[in-house]
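Source file: my_file10.pdb. Holds: PDB, C-alpha atoms.
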```pdb
ATOM      1  CA  MET A   1      50.277 -71.118   9.774
ATOM      2  CA  PRO A   2      52.031 -73.631   7.530
ATOM      3  CA  GLY A   3      55.199 -75.548   8.340
ATOM      4  CA  THR A   4      58.282 -73.366   8.038
ATOM      5  CA  ALA A   5      60.425 -73.561   4.910
ATOM      6  CA  ARG A   6      63.252 -75.193   6.909
ATOM      7  CA  HIS A   7      60.944 -77.916   8.273
ATOM      8  CA  ASP A   8      59.523 -78.474   4.805
ATOM      9  CA  GLN A   9      63.008 -78.853   3.349
ATOM     10  CA  GLU A  10      64.081 -81.331   6.056
ATOM     11  CA  MET A  11      60.890 -83.335   5.648
ATOM     12  CA  ALA A  12      61.267 -83.477   1.855
ATOM     13  CA  THR A  13      64.896 -84.645   2.173
ATOM     14  CA  ASN A  14      63.959 -87.350   4.733
ATOM     15  CA  ALA A  15      61.031 -88.489   2.593
ATOM     16  CA  ARG A  16      63.293 -88.873  -0.441
ATOM     17  CA  LYS A  17      65.808 -90.880   1.637
ATOM     18  CA  ARG A  18      63.142 -93.207   3.013
ATOM     19  CA  LEU A  19      61.662 -93.726  -0.460
ATOM     20  CA  SER A  20      64.599 -95.911  -1.470
ATOM     21  CA  GLN A  21      64.115 -98.071   1.635
ATOM     22  CA  THR A  22      60.410 -98.917   1.514
ATOM     23  CA  THR A  23      58.601-101.520  -0.553
ATOM     24  CA  ASP A  24      55.096-100.725   0.738
ATOM     25  CA  ILE A  25      53.122 -99.132  -2.139
ATOM     26  CA  LEU A  26      50.971 -96.826   0.026
ATOM     27  CA  GLU A  27      54.005 -95.680   2.035
ATOM     28  CA  ARG A  28      55.828 -94.918  -1.241
ATOM     29  CA  LEU A  29      52.911 -92.733  -2.358
ATOM     30  CA  ARG A  30      52.840 -90.994   1.031
ATOM     31  CA  LEU A  31      56.594 -90.289   0.898
ATOM     32  CA  GLN A  32      56.369 -88.968  -2.666
ATOM     33  CA  CYS A  33      53.665 -86.526  -1.513
ATOM     34  CA  LEU A  34      55.703 -85.480   1.562
ATOM     35  CA  ALA A  35      58.737 -84.933  -0.675
ATOM     36  CA  LYS A  36      56.664 -82.055  -2.152
ATOM     37  CA  GLY A  37      56.370 -80.387   1.296
ATOM     38  CA  SER A  38      53.716 -80.200   4.027
ATOM     39  CA  ALA A  39      50.970 -79.340   1.516
ATOM     40  CA  GLY A  40      51.852 -82.358  -0.666
ATOM     41  CA  ILE A  41      48.848 -84.480   0.289
ATOM     42  CA  LYS A  42      46.547 -81.473   0.067
ATOM     43  CA  GLY A  43      47.904 -80.876  -3.472
ATOM     44  CA  LEU A  44      46.915 -84.389  -4.509
ATOM     45  CA  GLY A  45      43.411 -83.593  -3.201
ATOM     46  CA  ARG A  46      43.330 -80.584  -5.526
ATOM     47  CA  VAL A  47      44.152 -82.798  -8.533
ATOM     48  CA  PHE A  48      41.472 -85.339  -7.562
ATOM     49  CA  ASN A  49      38.945 -82.546  -7.257
ATOM     50  CA  ILE A  50      39.622 -81.327 -10.805
ATOM     51  CA  LEU A  51      39.022 -84.884 -12.064
ATOM     52  CA  ASP A  52      35.817 -85.215 -10.002
ATOM     53  CA  THR A  53      33.683 -83.361 -12.538
ATOM     54  CA  ASP A  54      30.338 -84.448 -11.041
ATOM     55  CA  ASN A  55      31.292 -83.460  -7.445
ATOM     56  CA  SER A  56      30.572 -86.979  -6.177
ATOM     57  CA  LYS A  57      33.817 -87.051  -4.112
ATOM     58  CA  THR A  58      34.491 -90.437  -5.745
ATOM     59  CA  LEU A  59      36.824 -91.534  -8.548
ATOM     60  CA  ASP A  60      36.866 -94.574 -10.805
ATOM     61  CA  PHE A  61      40.150 -96.393 -11.461
ATOM     62  CA  ASN A  62      41.102 -94.463 -14.622
ATOM     63  CA  GLU A  63      40.492 -91.096 -12.897
ATOM     64  CA  PHE A  64      42.480 -92.279  -9.864
ATOM     65  CA  LEU A  65      45.416 -93.397 -12.052
ATOM     66  CA  ARG A  66      45.262 -90.165 -14.097
ATOM     67  CA  GLY A  67      45.349 -88.108 -10.877
ATOM     68  CA  LEU A  68      48.430 -89.913  -9.553
ATOM     69  CA  GLN A  69      50.226 -89.522 -12.893
ATOM     70  CA  HIS A  70      49.188 -85.864 -13.277
ATOM     71  CA  TYR A  71      50.658 -85.162  -9.836
ATOM     72  CA  ALA A  72      53.911 -86.806 -11.059
ATOM     73  CA  LEU A  73      53.768 -89.691  -8.581
ATOM     74  CA  ILE A  74      55.794 -92.680  -9.755
ATOM     75  CA  ILE A  75      53.573 -95.753  -9.638
ATOM     76  CA  ASN A  76      52.791 -98.397 -12.223
ATOM     77  CA  LYS A  77      49.293 -99.425 -13.274
ATOM     78  CA  GLU A  78      49.345-102.743 -11.348
ATOM     79  CA  GLU A  79      50.399-101.017  -8.097
ATOM     80  CA  ALA A  80      47.745 -98.329  -8.552
ATOM     81  CA  ARG A  81      45.122-101.043  -9.112
ATOM     82  CA  GLU A  82      46.220-102.845  -5.920
ATOM     83  CA  ILE A  83      45.745 -99.653  -3.854
ATOM     84  CA  PHE A  84      42.468 -98.845  -5.612
ATOM     85  CA  GLN A  85      41.030-102.306  -4.876
ATOM     86  CA  ALA A  86      42.032-102.054  -1.206
ATOM     87  CA  PHE A  87      39.910 -98.875  -0.920
ATOM     88  CA  ASP A  88      37.044-100.080  -3.116
ATOM     89  CA  LYS A  89      35.672-102.235  -0.279
ATOM     90  CA  ASP A  90      32.147-102.495  -1.683
ATOM     91  CA  ARG A  91      33.506-103.358  -5.174
ATOM     92  CA  SER A  92      31.503-100.519  -6.722
ATOM     93  CA  GLY A  93      34.357 -99.601  -9.072
ATOM     94  CA  THR A  94      34.805 -96.212  -7.356
ATOM     95  CA  ILE A  95      36.629 -95.005  -4.244
ATOM     96  CA  ASP A  96      35.916 -92.149  -1.835
ATOM     97  CA  PHE A  97      38.957 -89.930  -2.289
ATOM     98  CA  ASP A  98      38.476 -88.144   1.051
ATOM     99  CA  GLU A  99      38.902 -91.507   2.774
ATOM    100  CA  PHE A 100      41.963 -92.244   0.627
ATOM    101  CA  LEU A 101      43.598 -88.883   1.515
ATOM    102  CA  VAL A 102      42.939 -89.408   5.251
ATOM    103  CA  THR A 103      44.699 -92.804   5.060
ATOM    104  CA  LEU A 104      47.541 -91.254   3.089
ATOM    105  CA  ARG A 105      48.190 -88.510   5.630
ATOM    106  CA  PRO A 106      51.094 -89.213   8.027
ATOM    107  CA  PRO A 107      50.152 -90.828  11.359
ATOM    108  CA  MET A 108      50.115 -88.486  14.374
ATOM    109  CA  SER A 109      50.498 -89.194  18.091
ATOM    110  CA  ASN A 110      47.509 -88.634  20.390
ATOM    111  CA  ALA A 111      49.366 -85.709  22.014
ATOM    112  CA  ARG A 112      49.478 -83.929  18.637
ATOM    113  CA  LYS A 113      45.838 -84.697  17.834
ATOM    114  CA  GLU A 114      44.788 -83.342  21.240
ATOM    115  CA  ILE A 115      46.620 -80.014  20.816
ATOM    116  CA  ILE A 116      45.156 -79.618  17.292
ATOM    117  CA  MET A 117      41.671 -80.199  18.748
ATOM    118  CA  GLN A 118      42.339 -77.638  21.495
ATOM    119  CA  ALA A 119      43.192 -75.054  18.822
ATOM    120  CA  PHE A 120      40.090 -76.007  16.830
ATOM    121  CA  GLU A 121      37.839 -75.700  19.887
ATOM    122  CA  LYS A 122      39.302 -72.288  20.737
ATOM    123  CA  LEU A 123      38.580 -71.040  17.207
ATOM    124  CA  ASN A 124      35.127 -72.651  17.084
ATOM    125  CA  LYS A 125      33.521 -70.157  19.487
ATOM    126  CA  SER A 126      29.971 -71.209  18.573
ATOM    127  CA  GLY A 127      30.783 -74.860  19.444
ATOM    128  CA  ASN A 128      28.968 -76.180  16.343
ATOM    129  CA  GLY A 129      31.982 -78.113  14.972
ATOM    130  CA  VAL A 130      32.612 -75.690  12.080
ATOM    131  CA  ILE A 131      34.901 -72.612  12.067
ATOM    132  CA  THR A 132      33.422 -69.631  10.211
ATOM    133  CA  ILE A 133      34.385 -65.987   9.670
ATOM    134  CA  GLU A 134      32.116 -65.085  12.603
ATOM    135  CA  ASP A 135      34.160 -67.366  14.881
ATOM    136  CA  LEU A 136      37.363 -65.551  13.862
ATOM    137  CA  ARG A 137      36.179 -62.079  14.807
ATOM    138  CA  GLY A 138      37.886 -61.045  18.030
ATOM    139  CA  LEU A 139      40.341 -63.969  17.861
ATOM    140  CA  TYR A 140      42.256 -63.086  14.709
ATOM    141  CA  ASN A 141      43.187 -59.480  14.029
ATOM    142  CA  ALA A 142      42.846 -58.887  10.296
ATOM    143  CA  LYS A 143      43.985 -55.276  10.545
ATOM    144  CA  TYR A 144      47.677 -56.224  10.753
ATOM    145  CA  HIS A 145      47.543 -58.203   7.505
ATOM    146  CA  PRO A 146      49.771 -56.525   4.842
ATOM    147  CA  LYS A 147      47.016 -56.667   2.195
ATOM    148  CA  TYR A 148      44.568 -54.964   4.590
ATOM    149  CA  LEU A 149      47.162 -52.325   5.456
ATOM    150  CA  ASN A 150      47.834 -51.447   1.803
ATOM    151  CA  GLY A 151      44.120 -51.356   0.950
ATOM    152  CA  ASP A 152      44.045 -54.413  -1.351
ATOM    153  CA  TRP A 153      41.715 -56.461   0.855
ATOM    154  CA  THR A 154      38.787 -55.790   3.156
ATOM    155  CA  GLU A 155      38.692 -57.334   6.649
ATOM    156  CA  GLU A 156      36.271 -59.944   5.254
ATOM    157  CA  GLN A 157      38.741 -60.951   2.500
ATOM    158  CA  VAL A 158      41.543 -61.370   5.056
ATOM    159  CA  PHE A 159      39.334 -63.718   7.138
ATOM    160  CA  LYS A 160      38.382 -65.668   4.006
ATOM    161  CA  ALA A 161      42.053 -66.085   2.970
ATOM    162  CA  PHE A 162      42.891 -67.242   6.499
ATOM    163  CA  LEU A 163      40.165 -69.914   6.369
ATOM    164  CA  ASP A 164      41.259 -70.980   2.861
ATOM    165  CA  ASN A 165      44.523 -72.275   4.392
ATOM    166  CA  PHE A 166      42.594 -74.967   6.211
ATOM    167  CA  ASP A 167      39.585 -75.423   3.945
ATOM    168  CA  SER A 168      39.444 -78.468   1.652
ATOM    169  CA  PRO A 169      41.137 -77.576  -1.633
ATOM    170  CA  TYR A 170      38.163 -78.932  -3.589
ATOM    171  CA  ASP A 171      35.399 -77.451  -1.453
ATOM    172  CA  LYS A 172      36.217 -73.886  -0.425
ATOM    173  CA  ASP A 173      33.043 -72.826   1.318
ATOM    174  CA  GLY A 174      34.486 -70.425   3.905
ATOM    175  CA  LYS A 175      33.855 -73.012   6.622
ATOM    176  CA  VAL A 176      36.428 -75.327   8.163
ATOM    177  CA  THR A 177      35.420 -78.668   9.665
ATOM    178  CA  THR A 178      37.378 -80.653  12.269
ATOM    179  CA  GLU A 179      38.503 -83.058   9.521
ATOM    180  CA  GLU A 180      39.810 -80.238   7.294
ATOM    181  CA  PHE A 181      41.669 -78.652  10.217
ATOM    182  CA  MET A 182      43.176 -82.038  11.137
ATOM    183  CA  ASN A 183      44.166 -82.755   7.488
ATOM    184  CA  TYR A 184      45.961 -79.425   7.271
ATOM    185  CA  TYR A 185      47.928 -79.961  10.482
ATOM    186  CA  ALA A 186      48.808 -83.577   9.555
ATOM    187  CA  GLY A 187      50.911 -82.079   6.748
ATOM    188  CA  VAL A 188      52.525 -79.540   9.076
ATOM    189  CA  SER A 189      53.060 -82.248  11.722
ATOM    190  CA  ALA A 190      55.011 -84.433   9.283
ATOM    191  CA  SER A 191      57.621 -81.676   8.980
ATOM    192  CA  ILE A 192      58.195 -81.511  12.772
ATOM    193  CA  GLU A 193      60.026 -84.386  14.400
ATOM    194  CA  THR A 194      59.265 -84.133  18.125
ATOM    195  CA  ASP A 195      55.888 -83.911  19.864
ATOM    196  CA  ILE A 196      57.250 -81.314  22.296
ATOM    197  CA  TYR A 197      58.290 -78.929  19.515
ATOM    198  CA  PHE A 198      54.963 -79.377  17.708
ATOM    199  CA  ILE A 199      52.984 -78.708  20.913
ATOM    200  CA  VAL A 200      55.047 -75.601  21.736
ATOM    201  CA  MET A 201      54.535 -74.312  18.168
ATOM    202  CA  MET A 202      50.749 -74.841  18.407
ATOM    203  CA  LYS A 203      50.536 -73.213  21.851
ATOM    204  CA  ASN A 204      52.445 -70.150  20.630
ATOM    205  CA  ALA A 205      50.464 -69.882  17.402
ATOM    206  CA  TRP A 206      47.033 -70.114  19.032
ATOM    207  CA  LYS A 207      47.906 -68.757  22.529
ATOM    208  CA  LEU A 208      46.662 -71.975  24.176
TER     209      LEU A 208
END
```
Turn this file's structure into structure tokens for me.
Amino acid sequence: MPGTARHDQEMATNARKRLSQTTDILERLRLQCLAKGSAGIKGLGRVFNILDTDNSKTLDFNEFLRGLQHYALIINKEEAREIFQAFDKDRSGTIDFDEFLVTLRPPMSNARKEIIMQAFEKLNKSGNGVITIEDLRGLYNAKYHPKYLNGDWTEEQVFKAFLDNFDSPYDKDGKVTTEEFMNYYAGVSASIETDIYFIVMMKNAWKL
């Protein structure tokens, strides 16, 4: 249930406006990602994953810089190094890109975080902190999905595609953790201005 096209458009326009007003390097990166829509930060995660050839979930400076440039983010080498060093707290020469993406995601009010957690807990029937296909059975009706109706997909494939929305772009394992669910909705949240509207949208979407 991504942000609507209208919200995405408004958010992208606002992000581009605010870009000319900020001097903070991290905020400029965040706004450039949001200018690409609610999946902008998730898209950067996808690029980092491609560069992370050994699946260590870490990047060295050259990989980090290459990822930012590949994703067409405007940042010079000195600025990129400044951000990199701020995240490389142990001075190992590598950064944890999950941690970087979490910091990059737009801040959310506690009211929004609470409603996202309510939705997560409703979906996580087993209570083990991970949403799986088994959790979705009985809560999400796959039989109304157009690809199920025209015979392209089985019920299992519909569930898998549903989970893929929330799953980490670089680690699609058919399971969705709290962090992945929160990351997804941080992008959607950035496209919706008021807490009330966001809460109403979540309640309607998940029948909370």
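Among the candidates A:Val158, A:Leu31, A:Ile115, A:Ile74, the residue lying nearest to Ile133 (chain A) is A:Val158 (atoms considered: all atoms listed in the file).
The residues returned by the PyMOL selection byres ((chain A and resi 118) around 12) for this structure are Ala111, Arg112, Lys113, Glu114, Ile115, Ile116, Met117, Ala119, Phe120, Glu121, Lys122, Leu123, Asn124, Lys125, Thr178, Phe181, Met182, Ile199, Met202, Lys203, Ala205, Trp206, Lys207 and Leu208 of chain A.
Separating CA of Cys33 (chain A) from CA of Glu193 (chain A) is a distance of 17.3 Å.
Distances from A:Thr94, A:Asn110, A:Asn165, A:Thr22 to Ser56 (chain A) were compared using only C-alpha atoms, and the smallest one belongs to A:Thr94.
A straight line drawn from CA of Lys143 (chain A) to CA of Asp164 (chain A) is 17.7 Å long.
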With the file shown as input, list the residues that the PyMOL selection byres ((chain A and resi 79-93) around 8) selects, as a PyMOL selection string.
chain A and resi 25-26+60-61+64-65+75-78+94-96+100
Would you mind exporting C-alpha atoms of the selected residues as a PDB file, keeping the file's coordinate frame?
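Listed below is the output, result.pdb:
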```
ATOM      1  CA  ILE A  25      53.122 -99.132  -2.139  1.00  0.00           C
ATOM      2  CA  LEU A  26      50.971 -96.826   0.026  1.00  0.00           C
ATOM      3  CA  ASP A  60      36.866 -94.574 -10.805  1.00  0.00           C
ATOM      4  CA  PHE A  61      40.150 -96.393 -11.461  1.00  0.00           C
ATOM      5  CA  PHE A  64      42.480 -92.279  -9.864  1.00  0.00           C
ATOM      6  CA  LEU A  65      45.416 -93.397 -12.052  1.00  0.00           C
ATOM      7  CA  ILE A  75      53.573 -95.753  -9.638  1.00  0.00           C
ATOM      8  CA  ASN A  76      52.791 -98.397 -12.223  1.00  0.00           C
ATOM      9  CA  LYS A  77      49.293 -99.425 -13.274  1.00  0.00           C
ATOM     10  CA  GLU A  78      49.345-102.743 -11.348  1.00  0.00           C
ATOM     11  CA  THR A  94      34.805 -96.212  -7.356  1.00  0.00           C
ATOM     12  CA  ILE A  95      36.629 -95.005  -4.244  1.00  0.00           C
ATOM     13  CA  ASP A  96      35.916 -92.149  -1.835  1.00  0.00           C
ATOM     14  CA  PHE A 100      41.963 -92.244   0.627  1.00  0.00           C
TER      15      PHE A 100
END
```
Nearby residues (all atoms listed in the file) at most 12 Å from Tyr144 (chain A), same-chain spacing under 2 positions excluded, as a PyMOL selection string
chain A and resi 140-142+146-151+153-155+158-159
Matched chain/residue IDs from the PyMOL selection byres ((chain A and resi 192) around 12), as a PyMOL selection string
chain A and resi 2-12+14+37-38+106+108+112+185-191+193-202
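If you look at CA of Lys42 (chain A) and CA of Lys57 (chain A), they are 14.5 Å away from each other.
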Can you pull out every residue within 8 Å of Lys175 (chain A), counting all atoms listed in the file, but drop anything in the same chain fewer than 6 positions away, and send it as a ChimeraX atom specification?
/A:130-133,163,167
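The smallest atom-to-atom distance between Glu27 (chain A) and any of A:Lys160, A:Arg105, A:His145, A:Arg137, using only C-alpha atoms, is found for A:Arg105.
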